[in-house]
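Participant: Can you read through this structure? Questions will come right after.
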Amino acid sequence: MNNILNQIGIENYIFLSVILFCIGVFGVLYRRNAIIVFMSIEIMLNAVNLLFVAFSTYHQDAQGQVFVFFSMAVAAAEVAVGLAILVSIFRNLGSITIDNLKNLKG
Amino acid sequence: MNTLIAIIGLGVLCLLFEILDFRKAIIPITIIGLLGVLGLTISEYNAPNSYYNNMIVVNKFSVCFSSLFIVLTIFLVALSHNFYENHQSKLSDFIAIKIFLLCGAVAMVSFGNLAMFFLGIEVLSISLYILAASNRMNLKSNEAGMKYFLMGSFASGIILFGICMIYGAMGTFDIAEISEMSQSAELPIWFPIGIVLVTIGMFFKVAAVPFHFWAPDVYEGSPALTTATMSTLAKVVAMATLYKLLSAMNADINYGFQMVIVVISIASMTVGNIMALKQANVKRMLAFSGVSHAGFMLMTLLSITTSAGSLLYYATAYSLAGIAAFSVILYVCKNQNNEDITNFHGLGKTNPLLAAVLTGALLSMAGIPIFAGFFAKLVLFSQTIQAGYLVVVIAAVINSIISVGYYFKLILAMYGKEPNETRTGKPFLIYAVAIVALVLNVIIGLFPSVILDLLA
């Protein structure tokens, strides 16, 4: 396992994760559909999970992989709350476009 | 450590009471339970220890801040009685979420491992997302919850990426080991990148400029009690955690990073105060006031090795004044659908006691003597001057003067205008919380050394 990592190089894993993370960030910033925004946040978190596993192999240390379980559990809890908020918005507004949420201004 | 387990037990107990049909007993028993937990926490003051492979480290810093959070939660739970009067069937859920929020807060100041830090911040944030959107029939509350959720999980993603970079550089999550290794000269470039990302994520959570844009909307839309929780408890927690993280990870912050803190601190104070001047909604005004107070608290990072005491003092003064102010706002805006300043017209005539409490709380935030806010600013400024940052202190003094403008706008509305409606009922718990919070504020203002010496 470590051999493959050495052949590919840890930098390439970092580049891949950073690219995925940035795709997530731009998704959050530019997409207007709430579900797609949620998916983009998941992409951000999973990019980090990928990097955790890569670093964990790089350091020959299991802590990083255990951390991935924590972050997965937290991401699931977070998205459950997010979807619940989305459902209540849909009941009040009848749409899930983020642009409709502009009652609060000043 | 015992604190954390006791708090979780209390939260579960709250949920059980609803099943067992003891709804009336929930608030009294939670308050008594929290007082017990407070005693338990204080008893650990002289016994620093670490548990579970350094997952949780109990030291003076964590004990002092945990005690502050528990006191604030007691006040917030006491205010819940009146606030959720018409939602009795959901009372146990709201109280239990507040208790779990406290549990995340305690985990955030007593972590010894970055995993615990991440779990703590997520437990705190997820509880707040639920509370912000808890008025589900109200579109404003929905919107506030959604905005807070998007910004919060965005910030969590950035923090997680930062933690990952630190792990990549160090090969461990343990704060003590990271702190030791960060002293060595040769570090991979990933380590500073990680620290910067974690710091940016925490700036989102404390709502410092330029990461403050979510705060006014979320504060305005959320139910008033949730706004009180965010602006007192959540802000102080995030600030204490940022302080602990930075002091553990790079004890001698380099020059460039200090300049960034100087700029963000000055920008937070100025933008927060100037935007607050033109707000007509009290919750929105206090949101911007919170942004400027975050700027003041960031000044403690400039003399990071010695300023733990003054951060605790400032945080205590600010959050007690915030609790006192919000308990009056809860009373005044109970049956209104907005929190405009017009609601406060003539409060000095119809309800002189609460008007006096609100005046005292606002004067404390503005930094007028005998209230703790003045001494907090005094200590903070003298410490920052000693550290050699005169520019920040000058900006802070100017900002304190600007802030008097909008605090007095509210005070003048209370005493100068004619009352436009009559309010009936004298809810005992709101009076008690408002007065106790303000009296505590004055007491620590008269005897600053009580708090300052705790972390000396």
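Following the order of the structure tokens, chains are lettered A, B, ..., residues in each are numbered from 1, and ligands are numbered from 1.
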Would you pick out the contacts of Ala62 (chain A) at 12 Å or less, using only C-alpha atoms, so that residues sharing its chain but fewer than 5 positions from it are not included, and give the list as a compact mmCIF listing (two decimals) with N, CA and C atoms, in the first residue's frame?
Facilitator:
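Output contents, as saved in around-v1.txt:
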# COMPACT_ATOMS: atom_id res chain seq x y z
N PHE A 52 -7.42 12.77 4.22
CA PHE A 52 -7.13 12.15 5.52
C PHE A 52 -6.58 10.74 5.32
N VAL A 53 -7.24 9.97 4.46
CA VAL A 53 -6.80 8.59 4.25
C VAL A 53 -5.42 8.56 3.62
N ALA A 54 -5.18 9.48 2.65
CA ALA A 54 -3.87 9.52 2.02
C ALA A 54 -2.78 9.83 3.04
N PHE A 55 -3.04 10.84 3.88
CA PHE A 55 -2.05 11.21 4.91
C PHE A 55 -1.86 10.07 5.90
N SER A 56 -2.98 9.39 6.20
CA SER A 56 -2.90 8.30 7.16
C SER A 56 -1.95 7.21 6.64
N THR A 57 -2.04 6.89 5.37
CA THR A 57 -1.12 5.91 4.80
C THR A 57 0.30 6.46 4.74
N PHE A 67 -10.46 9.28 12.10
CA PHE A 67 -11.05 10.62 12.00
C PHE A 67 -12.07 10.67 10.88
N VAL A 68 -11.81 9.92 9.79
CA VAL A 68 -12.75 9.92 8.67
C VAL A 68 -14.12 9.43 9.12
N PHE A 69 -14.13 8.43 10.02
CA PHE A 69 -15.43 7.97 10.52
C PHE A 69 -16.16 9.09 11.26
N TYR B 167 -2.68 17.63 10.31
CA TYR B 167 -2.39 16.21 10.48
C TYR B 167 -1.33 15.76 9.48
N GLY B 171 1.42 14.39 11.58
CA GLY B 171 1.22 12.95 11.78
C GLY B 171 0.52 12.61 13.07
N THR B 172 -0.08 13.59 13.73
CA THR B 172 -0.82 13.32 14.96
C THR B 172 -1.91 14.36 15.13
N PHE B 173 -2.92 14.02 15.94
CA PHE B 173 -3.97 14.98 16.25
C PHE B 173 -3.82 15.56 17.64
Participant: May I have the residues within 6 Å of region 310-326 of chain B as a ChimeraX atom specification, using only C-alpha atoms and disregarding those fewer than 5 positions away in the same chain?
Facilitator: /B:228,232,236,358,361,372-373,376,434,437-438,441
Participant: Pull out every residue of chain B sitting within 9 Å of chain A, counting only C-alpha atoms, and send them as JSON, numbers by chain.
Facilitator: {"B": [115, 118, 119, 122, 123, 125, 126, 129, 130, 133, 134, 136, 137, 138, 139, 140, 142, 143, 144, 145, 146, 147, 149, 150, 153, 154, 156, 157, 158, 160, 161, 164, 165, 167, 168, 169, 170, 171, 172, 173, 216, 217, 218, 220, 221, 279, 280, 281, 284]}
Participant: Would you mind exporting N, CA and C atoms of the selected residues as a compact mmCIF listing (two decimals), in the first residue's frame?
Facilitator:
# COMPACT_ATOMS: atom_id res chain seq x y z
N ALA B 115 -9.62 15.86 17.13
CA ALA B 115 -10.87 15.16 16.87
C ALA B 115 -11.96 15.66 17.81
N PHE B 118 -13.12 19.07 16.76
CA PHE B 118 -14.04 19.05 15.62
C PHE B 118 -15.43 18.59 16.06
N LEU B 119 -15.47 17.54 16.89
CA LEU B 119 -16.77 17.06 17.36
C LEU B 119 -17.48 18.14 18.17
N GLU B 122 -18.93 20.85 15.98
CA GLU B 122 -20.09 20.39 15.21
C GLU B 122 -21.32 20.21 16.09
N VAL B 123 -21.12 19.69 17.31
CA VAL B 123 -22.27 19.54 18.22
C VAL B 123 -22.87 20.91 18.51
N SER B 125 -22.60 23.67 16.62
CA SER B 125 -23.19 24.29 15.44
C SER B 125 -24.51 23.63 15.07
N ILE B 126 -24.55 22.29 15.10
CA ILE B 126 -25.78 21.61 14.67
C ILE B 126 -26.93 21.98 15.61
N TYR B 129 -28.12 25.31 14.51
CA TYR B 129 -28.91 25.31 13.27
C TYR B 129 -30.36 24.99 13.61
N ILE B 130 -30.54 23.97 14.47
CA ILE B 130 -31.90 23.56 14.81
C ILE B 130 -32.62 24.70 15.52
N ALA B 133 -33.73 27.62 13.25
CA ALA B 133 -34.87 27.37 12.38
C ALA B 133 -36.06 26.84 13.16
N SER B 134 -36.04 26.96 14.51
CA SER B 134 -37.02 26.23 15.30
C SER B 134 -38.44 26.78 15.17
N ARG B 136 -40.84 27.00 12.89
CA ARG B 136 -40.83 26.51 11.52
C ARG B 136 -41.95 27.07 10.67
N MET B 137 -42.97 27.68 11.27
CA MET B 137 -44.02 28.29 10.46
C MET B 137 -43.62 29.67 9.96
N ASN B 138 -42.57 30.23 10.55
CA ASN B 138 -42.17 31.59 10.23
C ASN B 138 -41.09 31.57 9.15
N LEU B 139 -41.36 32.24 8.04
CA LEU B 139 -40.41 32.20 6.93
C LEU B 139 -39.08 32.82 7.29
N LYS B 140 -39.11 33.87 8.13
CA LYS B 140 -37.85 34.52 8.52
C LYS B 140 -36.96 33.55 9.29
N ASN B 142 -37.04 30.28 9.10
CA ASN B 142 -36.53 29.29 8.13
C ASN B 142 -35.31 29.84 7.41
N GLU B 143 -35.46 31.09 6.97
CA GLU B 143 -34.38 31.68 6.18
C GLU B 143 -33.12 31.82 7.03
N ALA B 144 -33.33 32.26 8.29
CA ALA B 144 -32.16 32.40 9.17
C ALA B 144 -31.49 31.04 9.36
N GLY B 145 -32.31 29.99 9.59
CA GLY B 145 -31.73 28.67 9.79
C GLY B 145 -30.96 28.21 8.57
N MET B 146 -31.53 28.44 7.39
CA MET B 146 -30.86 28.00 6.15
C MET B 146 -29.56 28.74 5.95
N LYS B 147 -29.59 30.07 6.16
CA LYS B 147 -28.36 30.85 5.96
C LYS B 147 -27.29 30.41 6.95
N PHE B 149 -27.08 27.55 8.41
CA PHE B 149 -26.63 26.20 8.08
C PHE B 149 -25.61 26.23 6.96
N LEU B 150 -25.91 26.99 5.89
CA LEU B 150 -24.98 27.00 4.75
C LEU B 150 -23.64 27.59 5.15
N SER B 153 -21.82 25.17 7.73
CA SER B 153 -21.20 23.94 7.24
C SER B 153 -20.08 24.26 6.26
N PHE B 154 -20.19 25.39 5.59
CA PHE B 154 -19.08 25.86 4.75
C PHE B 154 -17.84 26.08 5.62
N SER B 156 -17.30 24.79 8.55
CA SER B 156 -16.84 23.51 9.08
C SER B 156 -15.97 22.78 8.08
N GLY B 157 -16.36 22.86 6.78
CA GLY B 157 -15.54 22.23 5.75
C GLY B 157 -14.15 22.82 5.72
N ILE B 158 -14.06 24.16 5.85
CA ILE B 158 -12.75 24.81 5.83
C ILE B 158 -11.93 24.39 7.05
N LEU B 160 -12.23 21.62 8.71
CA LEU B 160 -11.83 20.22 8.54
C LEU B 160 -10.62 20.13 7.62
N PHE B 161 -10.61 20.92 6.55
CA PHE B 161 -9.46 20.91 5.64
C PHE B 161 -8.20 21.37 6.38
N CYS B 164 -6.93 18.64 8.53
CA CYS B 164 -6.30 17.62 7.70
C CYS B 164 -4.88 18.04 7.33
N MET B 165 -4.69 19.32 7.00
CA MET B 165 -3.35 19.80 6.66
C MET B 165 -2.42 19.72 7.86
N TYR B 167 -2.68 17.63 10.31
CA TYR B 167 -2.39 16.21 10.48
C TYR B 167 -1.33 15.76 9.48
N GLY B 168 -1.46 16.23 8.24
CA GLY B 168 -0.48 15.85 7.24
C GLY B 168 0.91 16.30 7.61
N ALA B 169 1.02 17.49 8.22
CA ALA B 169 2.33 18.00 8.58
C ALA B 169 2.89 17.30 9.80
N MET B 170 2.04 16.97 10.76
CA MET B 170 2.53 16.50 12.05
C MET B 170 2.38 15.00 12.25
N GLY B 171 1.42 14.39 11.58
CA GLY B 171 1.22 12.95 11.78
C GLY B 171 0.52 12.61 13.07
N THR B 172 -0.08 13.59 13.73
CA THR B 172 -0.82 13.32 14.96
C THR B 172 -1.91 14.36 15.13
N PHE B 173 -2.92 14.02 15.94
CA PHE B 173 -3.97 14.98 16.25
C PHE B 173 -3.82 15.56 17.64
N PRO B 216 -25.89 39.46 10.82
CA PRO B 216 -27.10 40.28 11.01
C PRO B 216 -28.37 39.57 10.57
N ASP B 217 -28.32 38.91 9.40
CA ASP B 217 -29.52 38.22 8.90
C ASP B 217 -29.93 37.11 9.85
N VAL B 218 -28.95 36.31 10.27
CA VAL B 218 -29.29 35.17 11.13
C VAL B 218 -29.80 35.64 12.48
N GLU B 220 -31.30 38.44 13.14
CA GLU B 220 -32.62 39.06 13.04
C GLU B 220 -33.71 38.01 12.85
N GLY B 221 -33.44 36.98 12.03
CA GLY B 221 -34.49 36.04 11.71
C GLY B 221 -34.76 35.01 12.79
N GLN B 279 -29.08 50.95 12.18
CA GLN B 279 -30.07 49.88 12.27
C GLN B 279 -31.28 50.33 13.09
N ALA B 280 -32.46 49.93 12.63
CA ALA B 280 -33.67 50.24 13.40
C ALA B 280 -34.15 49.02 14.18
N ASN B 281 -33.64 47.84 13.83
CA ASN B 281 -34.04 46.63 14.51
C ASN B 281 -33.04 46.32 15.62
N ARG B 284 -30.79 43.27 15.14
CA ARG B 284 -29.78 43.52 14.12
C ARG B 284 -28.68 44.44 14.66
Participant: I'd like the contact shell of Thr384 (chain B) - 8 Å cut-off, only C-alpha atoms, skipping same-chain residues fewer than 5 positions apart - returned as a PyMOL selection string.
Facilitator: chain B and resi 299-300+302-303+389-390+392-393
Participant: For the alpha helix (DSSP H) assignment from backbone DSSP, which residues of region 280-412 of chain B qualify? Please present them as number ranges by chain.
Facilitator: B: 282-298, 308-332, 347-350, 352-366, 372-386, 390-412
Participant: In Å, rounded to a single decimal, give me how far CA of Arg32 (chain A) is from CA of Thr97 (chain A).
Facilitator: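 We find that CA of Thr97 (chain A) and CA of Arg32 (chain A) lie 5.7 Å from each other.
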Participant: Contacts of Ile99 (chain B) at 9 Å or less, counting only C-alpha atoms, minus same-chain residues fewer than 5 places along, as a PDB file with N, CA and C atoms, in the first residue's frame?
Facilitator:
ATOM      1  N   ILE B   7     -23.249  16.617  32.009  1.00  0.00           N
ATOM      2  CA  ILE B   7     -24.114  17.444  31.157  1.00  0.00           C
ATOM      3  C   ILE B   7     -24.900  16.560  30.194  1.00  0.00           C
ATOM      4  N   ILE B   8     -24.229  15.554  29.618  1.00  0.00           N
ATOM      5  CA  ILE B   8     -24.943  14.672  28.686  1.00  0.00           C
ATOM      6  C   ILE B   8     -26.060  13.946  29.425  1.00  0.00           C
ATOM      7  N   LEU B  10     -27.709  14.979  31.963  1.00  0.00           N
ATOM      8  CA  LEU B  10     -28.795  15.924  32.208  1.00  0.00           C
ATOM      9  C   LEU B  10     -29.655  16.102  30.962  1.00  0.00           C
ATOM     10  N   GLY B  11     -29.006  16.161  29.795  1.00  0.00           N
ATOM     11  CA  GLY B  11     -29.749  16.309  28.546  1.00  0.00           C
ATOM     12  C   GLY B  11     -30.670  15.130  28.295  1.00  0.00           C
ATOM     13  N   CYS B  14     -33.650  15.238  30.542  1.00  0.00           N
ATOM     14  CA  CYS B  14     -34.655  16.186  30.042  1.00  0.00           C
ATOM     15  C   CYS B  14     -35.604  15.501  29.082  1.00  0.00           C
ATOM     16  N   THR B  30     -33.663  21.106  35.559  1.00  0.00           N
ATOM     17  CA  THR B  30     -32.491  21.401  34.735  1.00  0.00           C
ATOM     18  C   THR B  30     -31.623  22.454  35.401  1.00  0.00           C
ATOM     19  N   THR B  73     -25.745  29.184  30.376  1.00  0.00           N
ATOM     20  CA  THR B  73     -26.830  28.256  30.024  1.00  0.00           C
ATOM     21  C   THR B  73     -27.919  28.266  31.081  1.00  0.00           C
ATOM     22  N   VAL B  77     -31.719  28.853  30.098  1.00  0.00           N
ATOM     23  CA  VAL B  77     -32.777  27.893  30.422  1.00  0.00           C
ATOM     24  C   VAL B  77     -33.869  28.578  31.239  1.00  0.00           C
ATOM     25  N   PHE B  94     -36.481  21.690  23.292  1.00  0.00           N
ATOM     26  CA  PHE B  94     -35.684  22.915  23.266  1.00  0.00           C
ATOM     27  C   PHE B  94     -34.659  22.935  24.392  1.00  0.00           C
ATOM     28  N   GLY B 104     -21.329  20.560  23.695  1.00  0.00           N
ATOM     29  CA  GLY B 104     -20.380  20.878  22.640  1.00  0.00           C
ATOM     30  C   GLY B 104     -19.456  22.002  23.046  1.00  0.00           C
TER      31      GLY B 104
END
Participant: Suppose you want the space between CA of Ala396 (chain B) and CA of Met108 (chain B); what is it in Å?
Facilitator: 28.3 Å
Participant: As JSON, numbers by chain, please: the residues near Gly9 (chain B) (cut-off 12 Å, only C-alpha atoms, same-chain neighbours under 2 positions excluded).
Facilitator: {"B": [2, 3, 4, 5, 6, 7, 11, 12, 13, 14, 15, 16, 30, 33, 34, 37, 96, 99, 100, 103]}
Participant: Using C-alpha atoms, can you write the selected residues to a file as a PDB file, in the first residue's frame?
Facilitator:
ATOM      1  CA  ASN B   2     -16.941  14.534  34.742  1.00  0.00           C
ATOM      2  CA  THR B   3     -18.540  17.787  33.635  1.00  0.00           C
ATOM      3  CA  LEU B   4     -19.082  16.507  30.126  1.00  0.00           C
ATOM      4  CA  ILE B   5     -20.640  13.219  31.248  1.00  0.00           C
ATOM      5  CA  ALA B   6     -22.876  14.978  33.781  1.00  0.00           C
ATOM      6  CA  ILE B   7     -24.114  17.444  31.157  1.00  0.00           C
ATOM      7  CA  GLY B  11     -29.749  16.309  28.546  1.00  0.00           C
ATOM      8  CA  VAL B  12     -30.969  12.729  28.337  1.00  0.00           C
ATOM      9  CA  LEU B  13     -32.863  13.202  31.599  1.00  0.00           C
ATOM     10  CA  CYS B  14     -34.655  16.186  30.042  1.00  0.00           C
ATOM     11  CA  LEU B  15     -35.876  14.041  27.165  1.00  0.00           C
ATOM     12  CA  LEU B  16     -36.952  11.284  29.564  1.00  0.00           C
ATOM     13  CA  THR B  30     -32.491  21.401  34.735  1.00  0.00           C
ATOM     14  CA  GLY B  33     -28.831  20.020  37.740  1.00  0.00           C
ATOM     15  CA  LEU B  34     -26.781  22.703  36.014  1.00  0.00           C
ATOM     16  CA  VAL B  37     -22.619  20.532  37.339  1.00  0.00           C
ATOM     17  CA  ALA B  96     -32.409  19.297  25.778  1.00  0.00           C
ATOM     18  CA  ILE B  99     -28.016  21.271  27.160  1.00  0.00           C
ATOM     19  CA  PHE B 100     -26.377  19.396  24.278  1.00  0.00           C
ATOM     20  CA  CYS B 103     -21.910  19.931  25.992  1.00  0.00           C
TER      21      CYS B 103
END
Participant: My list of candidates is B:Leu35, B:Ala308, B:Val291, B:Ile121. Which is closest to Gln383 (chain B) when distances are computed with only C-alpha atoms?
Facilitator: B:Ala308
Participant: Please provide as a list in words all residues within 12 Å of Cys333 (chain B), with the sequence filter that same-chain residues fewer than 3 positions apart are discarded (counting only C-alpha atoms).
Facilitator: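 Surrounding residues, per the criterion: Phe83, Pro223, Ala224, Leu225, Asn281, Val282, Lys283, Phe326, Ser327, Val328, Ile329, Leu330, Gln336, Asn337, Asn338, Glu339, Asp340, Ile341, Thr342, Asn343, Phe344, His345, Leu347, Glu421 and Arg423 of chain B.
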Participant: Those same residues, written as a short mmCIF file (atom, residue, chain, number, x, y, z; two decimals), in the first residue's frame with C-alpha atoms?
Facilitator:
data_model
loop_
_atom_site.label_atom_id
_atom_site.label_comp_id
_atom_site.auth_asym_id
_atom_site.auth_seq_id
_atom_site.Cartn_x
_atom_site.Cartn_y
_atom_site.Cartn_z
CA PHE B 83 -40.36 32.23 25.90
CA PRO B 223 -36.28 33.43 17.52
CA ALA B 224 -35.15 36.00 20.12
CA LEU B 225 -33.95 33.44 22.65
CA ASN B 281 -34.04 46.63 14.51
CA VAL B 282 -32.64 45.98 17.98
CA LYS B 283 -31.59 42.39 17.25
CA PHE B 326 -31.75 40.16 25.80
CA SER B 327 -33.96 39.29 28.75
CA VAL B 328 -35.46 42.79 28.51
CA ILE B 329 -35.80 42.45 24.74
CA LEU B 330 -37.59 39.11 25.26
CA GLN B 336 -44.65 41.68 18.65
CA ASN B 337 -43.72 40.36 15.26
CA ASN B 338 -40.63 42.53 14.99
CA GLU B 339 -38.01 44.01 17.31
CA ASP B 340 -37.97 47.61 16.10
CA ILE B 341 -36.82 50.39 18.39
CA THR B 342 -40.38 51.79 18.37
CA ASN B 343 -41.36 48.90 20.64
CA PHE B 344 -39.09 50.32 23.31
CA HIS B 345 -40.64 53.80 23.33
CA LEU B 347 -40.31 51.75 28.58
CA GLU B 421 -48.79 50.61 24.34
CA ARG B 423 -47.67 45.82 28.75
#
Participant: As an exercise, work out the distance from CA of Tyr30 (chain A) to CA of Val209 (chain B) in Å and give it to one decimal place.
Facilitator: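 Answer for the CA of Tyr30 (chain A) to CA of Val209 (chain B) separation: 21.8 Å.
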